[in-house]
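Okay, so here's the structure we're looking at.
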Amino acid sequence: MHLSVLVCLLVAMLVCLVQDSISCSCQPSHPQDHFCRSAYVIRARVTTKELIYPEPQPEPMAESSSFSEVSFSDSDWGIDNEGPIMDQSEGLLAASMNLAAMPRLPQVRVPAGLQAPQYMEENRPIKLEYTVKVEKIYKGDDLLMPKSTAKIATAAIDAACGVTDLEVGQVYVLAGTFYNAELRISSCNWKEGYKNITKRQRQGIKHTYKLQCGKCEISPCYGRYCPTEPVPDVCMWDLSHLRDDCESQYAYCSRDGSGQCFWNGKTDMRRCIRRRAKGRTQSRGGFMP
Ligand SMILES: *[C@@H]1O[C@H](CO)[C@@H](O)[C@H](O)[C@H]1NC(C)=O
């Protein structure tokens with residue numbers, strides 16, 4: 001019995017480890033929160049998409065073989081010398097997974113979708129870099145110039161929270177961070193085809209969201225676990241309505257005259273809520289999966 005408990009624990013730990021190492025998970029975030037938390041929010045057209053590889057280091061293995069010769073002849077076991085070699089390989093691995101830890105290495109650019117030259121294939125790309133034509137700046141005019149070209153970096157793979165699916169030629173709303181003198185975006189930030197956002201979201205990024213930053217908290221909840229009474233200083237955001245996320249599409253969170261936080265929306269919001277309520281009673285009756 002003890003053994004089976006142990007095995008269960010081990011399996012659970014392994015699952016956690018594997019999930020940790022290969023997946024990206026983000027807290028759901030309302031567009032208003034994306035806006036308020038991002039360093040920049042822009043409308044931009046993607047013009048290029050390139051994978052950036054570390055430039056091959058001149059014969060890195062030669063160093064380690066000469067190191068073993070030296071250490072034997074010196075009768076010094078080279079423990080001090082071992083450090084930098086380990087650090088370098090770990091640094092490269094960390095860099096491919098985590099942009100924050102990225103060392104400033106010489107870089108090689110390869111347009112995404114093209115095959116990397118063979119000598120690069122053992123190296124993982126350091127990052128994916130988009131060049132965008134900035135059409136409009138909603139936030140971050142200290143970081144970007146209107147009508148300019150900007151580079152936005154992201155992790156090279158989805159599992160490291162990279163935004164890998166932007167298409168050249170398409171116009172997007174992009175929101176992200178500024179780190180190490182670099183504009184960045186991750187799949188936990190906001191990106192959406194500009195044509196796909198609603199009129200209310202456009203108004204939001206133009207002016208309404210900004211006025212609400214720092215005032216109320218938007219707190220996700222799920223279905224019947226959502227509080228039924230209003231919570232002070234909070235707009236509860238029910239994530240159980242995947243298809244009709246009325247709060248994201250048609251509303252922003254603000255305070256009413258009495259100081260209570262609420263979802264501020266117009267007729268399209270009310271229509272969405274009615275549609276959603278109908279869908280729910282239908283699904284209770286078994287009309288929807
Ligand atoms: C807009 O939404 C559609 C449907 O969800 C999606 O297929 C399309 O890729 C989106 N467009 C952009 C530019 O993201």
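Just remember, in the structure tokens the first chain shown is A, the second B, etc., residues are 1-based per chain, and ligands are 1-based in the order shown.
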Inset, instruction - Collect all residues with atoms no farther than 12 Å from ligand 1, counting only C-alpha atoms and all ligand atoms, and output them as a PyMOL selection string. - result: chain A and resi 43-46+163-174+190-198+243
Legend entry - Surrounding residues of A:Phe35 excluding itself and chain neighbours under 2 positions, 12 Å, only C-alpha atoms, as a PyMOL selection string: chain A and resi 29-33+37-42+137-140+173-177+189-191+201-202+204-214+252
Expected file: the selected residues, N, CA and C atoms, as an mmCIF file, in the first residue's frame:
data_model
loop_
_atom_site.group_PDB
_atom_site.id
_atom_site.type_symbol
_atom_site.label_atom_id
_atom_site.label_comp_id
_atom_site.auth_asym_id
_atom_site.auth_seq_id
_atom_site.Cartn_x
_atom_site.Cartn_y
_atom_site.Cartn_z
ATOM 1 N N SER A 29 -7.140 36.907 -18.952
ATOM 2 C CA SER A 29 -7.061 38.342 -18.708
ATOM 3 C C SER A 29 -8.039 39.082 -19.619
ATOM 4 N N HIS A 30 -8.815 39.954 -19.046
ATOM 5 C CA HIS A 30 -9.769 40.773 -19.796
ATOM 6 C C HIS A 30 -8.988 41.816 -20.608
ATOM 7 N N PRO A 31 -9.485 42.187 -21.787
ATOM 8 C CA PRO A 31 -8.767 43.194 -22.589
ATOM 9 C C PRO A 31 -8.420 44.465 -21.799
ATOM 10 N N GLN A 32 -9.321 44.863 -20.908
ATOM 11 C CA GLN A 32 -9.042 46.053 -20.089
ATOM 12 C C GLN A 32 -7.794 45.852 -19.219
ATOM 13 N N ASP A 33 -7.669 44.660 -18.631
ATOM 14 C CA ASP A 33 -6.479 44.368 -17.826
ATOM 15 C C ASP A 33 -5.239 44.246 -18.706
ATOM 16 N N ARG A 37 -2.064 46.566 -17.978
ATOM 17 C CA ARG A 37 -0.813 45.951 -17.523
ATOM 18 C C ARG A 37 0.290 45.993 -18.559
ATOM 19 N N SER A 38 -0.042 46.312 -19.806
ATOM 20 C CA SER A 38 0.976 46.249 -20.854
ATOM 21 C C SER A 38 1.776 47.539 -20.928
ATOM 22 N N ALA A 39 3.007 47.411 -21.382
ATOM 23 C CA ALA A 39 3.838 48.601 -21.586
ATOM 24 C C ALA A 39 3.459 49.301 -22.885
ATOM 25 N N TYR A 40 3.000 48.511 -23.840
ATOM 26 C CA TYR A 40 2.563 49.114 -25.104
ATOM 27 C C TYR A 40 1.312 48.401 -25.615
ATOM 28 N N VAL A 41 0.478 49.147 -26.310
ATOM 29 C CA VAL A 41 -0.677 48.578 -27.018
ATOM 30 C C VAL A 41 -0.721 49.297 -28.360
ATOM 31 N N ILE A 42 -0.607 48.530 -29.436
ATOM 32 C CA ILE A 42 -0.542 49.158 -30.764
ATOM 33 C C ILE A 42 -1.415 48.419 -31.776
ATOM 34 N N ILE A 137 -0.674 53.985 -32.025
ATOM 35 C CA ILE A 137 -0.182 53.687 -30.672
ATOM 36 C C ILE A 137 -1.257 54.081 -29.673
ATOM 37 N N TYR A 138 -1.760 53.102 -28.948
ATOM 38 C CA TYR A 138 -2.779 53.379 -27.927
ATOM 39 C C TYR A 138 -2.127 53.571 -26.571
ATOM 40 N N LYS A 139 -0.991 52.932 -26.395
ATOM 41 C CA LYS A 139 -0.244 53.058 -25.153
ATOM 42 C C LYS A 139 1.215 52.786 -25.480
ATOM 43 N N GLY A 140 2.118 53.520 -24.830
ATOM 44 C CA GLY A 140 3.537 53.265 -25.058
ATOM 45 C C GLY A 140 4.174 54.235 -26.029
ATOM 46 N N VAL A 173 -3.980 43.962 -33.204
ATOM 47 C CA VAL A 173 -3.772 44.711 -31.974
ATOM 48 C C VAL A 173 -2.774 43.886 -31.163
ATOM 49 N N LEU A 174 -1.685 44.514 -30.775
ATOM 50 C CA LEU A 174 -0.653 43.815 -30.012
ATOM 51 C C LEU A 174 -0.399 44.563 -28.718
ATOM 52 N N ALA A 175 -0.351 43.825 -27.625
ATOM 53 C CA ALA A 175 -0.059 44.430 -26.333
ATOM 54 C C ALA A 175 1.036 43.605 -25.694
ATOM 55 N N GLY A 176 2.010 44.253 -25.099
ATOM 56 C CA GLY A 176 3.100 43.471 -24.536
ATOM 57 C C GLY A 176 3.950 44.266 -23.578
ATOM 58 N N THR A 177 5.148 43.751 -23.384
ATOM 59 C CA THR A 177 6.034 44.305 -22.363
ATOM 60 C C THR A 177 7.277 44.914 -23.001
ATOM 61 N N ASN A 189 0.079 37.702 -23.204
ATOM 62 C CA ASN A 189 -0.329 39.077 -23.514
ATOM 63 C C ASN A 189 -1.500 39.043 -24.501
ATOM 64 N N TRP A 190 -1.842 40.209 -25.015
ATOM 65 C CA TRP A 190 -3.013 40.281 -25.905
ATOM 66 C C TRP A 190 -2.570 40.468 -27.336
ATOM 67 N N LYS A 191 -3.089 39.635 -28.226
ATOM 68 C CA LYS A 191 -2.935 39.855 -29.667
ATOM 69 C C LYS A 191 -4.220 39.384 -30.304
ATOM 70 N N GLN A 201 -14.344 47.057 -27.982
ATOM 71 C CA GLN A 201 -12.926 46.864 -27.685
ATOM 72 C C GLN A 201 -12.083 47.953 -28.345
ATOM 73 N N ARG A 202 -12.487 48.354 -29.553
ATOM 74 C CA ARG A 202 -11.772 49.466 -30.202
ATOM 75 C C ARG A 202 -11.908 50.743 -29.387
ATOM 76 N N GLY A 204 -12.443 50.780 -26.291
ATOM 77 C CA GLY A 204 -11.688 50.494 -25.077
ATOM 78 C C GLY A 204 -10.226 50.870 -25.217
ATOM 79 N N ILE A 205 -9.568 50.352 -26.266
ATOM 80 C CA ILE A 205 -8.143 50.656 -26.391
ATOM 81 C C ILE A 205 -7.906 52.110 -26.764
ATOM 82 N N LYS A 206 -8.901 52.752 -27.407
ATOM 83 C CA LYS A 206 -8.740 54.169 -27.744
ATOM 84 C C LYS A 206 -8.845 55.059 -26.510
ATOM 85 N N HIS A 207 -9.868 54.825 -25.684
ATOM 86 C CA HIS A 207 -9.965 55.684 -24.505
ATOM 87 C C HIS A 207 -10.563 55.068 -23.242
ATOM 88 N N THR A 208 -11.600 54.212 -23.354
ATOM 89 C CA THR A 208 -12.286 53.805 -22.123
ATOM 90 C C THR A 208 -11.428 52.996 -21.155
ATOM 91 N N TYR A 209 -10.641 52.041 -21.652
ATOM 92 C CA TYR A 209 -9.862 51.204 -20.731
ATOM 93 C C TYR A 209 -8.914 52.065 -19.894
ATOM 94 N N LYS A 210 -8.228 52.993 -20.559
ATOM 95 C CA LYS A 210 -7.206 53.791 -19.878
ATOM 96 C C LYS A 210 -7.777 54.501 -18.650
ATOM 97 N N LEU A 211 -9.004 55.006 -18.791
ATOM 98 C CA LEU A 211 -9.612 55.770 -17.695
ATOM 99 C C LEU A 211 -9.924 54.889 -16.489
ATOM 100 N N GLN A 212 -9.953 53.565 -16.701
ATOM 101 C CA GLN A 212 -10.330 52.668 -15.598
ATOM 102 C C GLN A 212 -9.135 52.034 -14.900
ATOM 103 N N CYS A 213 -7.939 52.202 -15.469
ATOM 104 C CA CYS A 213 -6.772 51.505 -14.904
ATOM 105 C C CYS A 213 -6.595 51.868 -13.429
ATOM 106 N N GLY A 214 -6.397 50.853 -12.616
ATOM 107 C CA GLY A 214 -6.133 51.068 -11.189
ATOM 108 C C GLY A 214 -7.373 51.327 -10.354
ATOM 109 N N TYR A 252 -16.618 47.165 -20.167
ATOM 110 C CA TYR A 252 -15.435 47.438 -19.371
ATOM 111 C C TYR A 252 -15.882 47.578 -17.928
#
Inset, instruction - Would you work out the distance separating atom CA of A:Cys272 from atom CA of A:Ala251, expressed in Å to one decimal? - result: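 Spanning atom CA of A:Cys272 to atom CA of A:Ala251 is a straight-line distance of 10.4 Å.
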Inset, instruction - Tell me, as a count of residues only, which residues lie within 9 Å of A:Ile152, counting only C-alpha atoms; anything in the same chain fewer than 4 positions away does not count. - result: 10
Inset, instruction - Just list the residues in stretch 79-267 of chain A DSSP gives alpha helix (DSSP H) on the backbone, as an NGL selection string. - result: :A and (79-97 or 199-203 or 209-212 or 246-250 or 267)
Same residues, N, CA and C atoms, output as an mmCIF file, in the first residue's frame:
data_model
loop_
_atom_site.group_PDB
_atom_site.id
_atom_site.type_symbol
_atom_site.label_atom_id
_atom_site.label_comp_id
_atom_site.auth_asym_id
_atom_site.auth_seq_id
_atom_site.Cartn_x
_atom_site.Cartn_y
_atom_site.Cartn_z
ATOM 1 N N ILE A 79 38.435 22.532 -11.346
ATOM 2 C CA ILE A 79 37.070 22.776 -10.873
ATOM 3 C C ILE A 79 36.648 24.218 -11.162
ATOM 4 N N ASP A 80 37.611 25.117 -11.011
ATOM 5 C CA ASP A 80 37.292 26.519 -11.326
ATOM 6 C C ASP A 80 36.997 26.692 -12.813
ATOM 7 N N ASN A 81 37.780 25.931 -13.623
ATOM 8 C CA ASN A 81 37.609 26.093 -15.066
ATOM 9 C C ASN A 81 36.310 25.495 -15.575
ATOM 10 N N GLU A 82 35.756 24.565 -14.803
ATOM 11 C CA GLU A 82 34.557 23.903 -15.266
ATOM 12 C C GLU A 82 33.376 24.881 -15.332
ATOM 13 N N GLY A 83 33.398 25.834 -14.416
ATOM 14 C CA GLY A 83 32.267 26.748 -14.280
ATOM 15 C C GLY A 83 31.778 27.347 -15.580
ATOM 16 N N PRO A 84 32.622 28.114 -16.255
ATOM 17 C CA PRO A 84 32.132 28.847 -17.424
ATOM 18 C C PRO A 84 31.577 27.947 -18.516
ATOM 19 N N ILE A 85 32.148 26.753 -18.657
ATOM 20 C CA ILE A 85 31.695 25.871 -19.733
ATOM 21 C C ILE A 85 30.263 25.403 -19.452
ATOM 22 N N MET A 86 30.027 24.997 -18.206
ATOM 23 C CA MET A 86 28.670 24.605 -17.825
ATOM 24 C C MET A 86 27.712 25.778 -18.018
ATOM 25 N N ASP A 87 28.129 26.932 -17.524
ATOM 26 C CA ASP A 87 27.256 28.097 -17.579
ATOM 27 C C ASP A 87 26.848 28.406 -19.003
ATOM 28 N N GLN A 88 27.802 28.246 -19.909
ATOM 29 C CA GLN A 88 27.493 28.604 -21.286
ATOM 30 C C GLN A 88 26.390 27.731 -21.858
ATOM 31 N N SER A 89 26.506 26.396 -21.645
ATOM 32 C CA SER A 89 25.490 25.541 -22.244
ATOM 33 C C SER A 89 24.152 25.748 -21.545
ATOM 34 N N GLU A 90 24.191 25.922 -20.224
ATOM 35 C CA GLU A 90 22.939 26.176 -19.518
ATOM 36 C C GLU A 90 22.333 27.492 -19.965
ATOM 37 N N GLY A 91 23.208 28.458 -20.182
ATOM 38 C CA GLY A 91 22.728 29.760 -20.638
ATOM 39 C C GLY A 91 21.985 29.655 -21.954
ATOM 40 N N LEU A 92 22.541 28.847 -22.860
ATOM 41 C CA LEU A 92 21.886 28.690 -24.162
ATOM 42 C C LEU A 92 20.529 28.038 -24.019
ATOM 43 N N LEU A 93 20.455 27.022 -23.168
ATOM 44 C CA LEU A 93 19.196 26.326 -22.977
ATOM 45 C C LEU A 93 18.174 27.275 -22.372
ATOM 46 N N ALA A 94 18.619 27.980 -21.335
ATOM 47 C CA ALA A 94 17.711 28.918 -20.681
ATOM 48 C C ALA A 94 17.234 29.961 -21.684
ATOM 49 N N ALA A 95 18.155 30.365 -22.557
ATOM 50 C CA ALA A 95 17.804 31.424 -23.499
ATOM 51 C C ALA A 95 16.723 30.972 -24.455
ATOM 52 N N SER A 96 16.782 29.698 -24.847
ATOM 53 C CA SER A 96 15.790 29.258 -25.811
ATOM 54 C C SER A 96 14.433 29.117 -25.143
ATOM 55 N N MET A 97 14.412 28.906 -23.838
ATOM 56 C CA MET A 97 13.141 28.752 -23.147
ATOM 57 C C MET A 97 12.629 30.066 -22.588
ATOM 58 N N LYS A 199 -16.365 46.659 -31.750
ATOM 59 C CA LYS A 199 -16.389 48.123 -31.688
ATOM 60 C C LYS A 199 -16.099 48.593 -30.264
ATOM 61 N N ARG A 200 -16.642 47.890 -29.272
ATOM 62 C CA ARG A 200 -16.425 48.279 -27.859
ATOM 63 C C ARG A 200 -14.965 48.097 -27.467
ATOM 64 N N GLN A 201 -14.344 47.057 -27.982
ATOM 65 C CA GLN A 201 -12.926 46.864 -27.685
ATOM 66 C C GLN A 201 -12.083 47.953 -28.345
ATOM 67 N N ARG A 202 -12.487 48.354 -29.553
ATOM 68 C CA ARG A 202 -11.772 49.466 -30.202
ATOM 69 C C ARG A 202 -11.908 50.743 -29.387
ATOM 70 N N GLN A 203 -13.130 51.002 -28.918
ATOM 71 C CA GLN A 203 -13.319 52.174 -28.055
ATOM 72 C C GLN A 203 -12.504 52.010 -26.775
ATOM 73 N N TYR A 209 -10.641 52.041 -21.652
ATOM 74 C CA TYR A 209 -9.862 51.204 -20.731
ATOM 75 C C TYR A 209 -8.914 52.065 -19.894
ATOM 76 N N LYS A 210 -8.228 52.993 -20.559
ATOM 77 C CA LYS A 210 -7.206 53.791 -19.878
ATOM 78 C C LYS A 210 -7.777 54.501 -18.650
ATOM 79 N N LEU A 211 -9.004 55.006 -18.791
ATOM 80 C CA LEU A 211 -9.612 55.770 -17.695
ATOM 81 C C LEU A 211 -9.924 54.889 -16.489
ATOM 82 N N GLN A 212 -9.953 53.565 -16.701
ATOM 83 C CA GLN A 212 -10.330 52.668 -15.598
ATOM 84 C C GLN A 212 -9.135 52.034 -14.900
ATOM 85 N N CYS A 246 -19.378 38.042 -23.013
ATOM 86 C CA CYS A 246 -19.925 39.399 -23.187
ATOM 87 C C CYS A 246 -19.034 40.450 -22.523
ATOM 88 N N GLU A 247 -18.481 40.112 -21.362
ATOM 89 C CA GLU A 247 -17.678 41.086 -20.621
ATOM 90 C C GLU A 247 -16.453 41.508 -21.425
ATOM 91 N N SER A 248 -15.799 40.549 -22.077
ATOM 92 C CA SER A 248 -14.616 40.902 -22.873
ATOM 93 C C SER A 248 -14.988 41.663 -24.128
ATOM 94 N N GLN A 249 -16.089 41.216 -24.743
ATOM 95 C CA GLN A 249 -16.390 41.755 -26.067
ATOM 96 C C GLN A 249 -17.100 43.101 -26.031
ATOM 97 N N TYR A 250 -17.936 43.298 -24.987
ATOM 98 C CA TYR A 250 -18.818 44.468 -25.044
ATOM 99 C C TYR A 250 -18.752 45.376 -23.820
ATOM 100 N N THR A 267 -26.284 48.611 -25.294
ATOM 101 C CA THR A 267 -27.295 47.636 -25.733
ATOM 102 C C THR A 267 -26.652 46.346 -26.246
#
Inset, instruction - Identify, on the basis of only C-alpha atoms, every residue whose closest approach to A:Gln260 does not exceed 8 Å; exclude the query and any residue fewer than 3 positions from it along the same chain; express the result as a list in words. - result: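 Final neighbour list, sorted by chain and number: Pro232, Asp233, Arg255, Asp256 and Gly257 of chain A.
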Legend entry - Which of A:Cys26, A:Ile218, A:Cys253, A:Val108 sits closest to A:Trp237 [using only C-alpha atoms]: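 Nearest to A:Trp237: A:Ile218.
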Inset, instruction - Go through A:Leu143, A:Asn123, A:Cys221, A:Phe262 and flag the residue nearest A:Ala181, using only C-alpha atoms for the distances. - result: A:Leu143
Inset, instruction - Could you please determine the separation between atom CA of A:Cys161 and atom CA of A:His34 in Å, to one decimal place? - result: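 Distance between the two atoms: 15.7 Å.
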Legend entry - Coordinates-based distance that separates atom CA of A:Met145 from atom CA of A:Ala160 (Å, one decimal):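 Answer for the atom CA of A:Ala160 to atom CA of A:Met145 separation: 28.8 Å.
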Legend entry - Residue nearest A:Ser219 among A:Gly162, A:Pro28, A:Pro146, A:Pro56 (counting only C-alpha atoms):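 Comparing A:Gly162, A:Pro28, A:Pro146, A:Pro56 against A:Ser219, the winner is A:Pro28.
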Inset, instruction - Using DSSP on the backbone coordinates, identify the residues of stretch 200-259 of chain A assigned to strand (DSSP E or B); present them as a list in words. - result: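 Here is the list: Glu217, Ile218, Ser219, Pro220, Cys221, Val234, Cys235, Met236, Trp237, Asp238, Ala251, Tyr252, Cys253, Ser254 and Arg255 of chain A.
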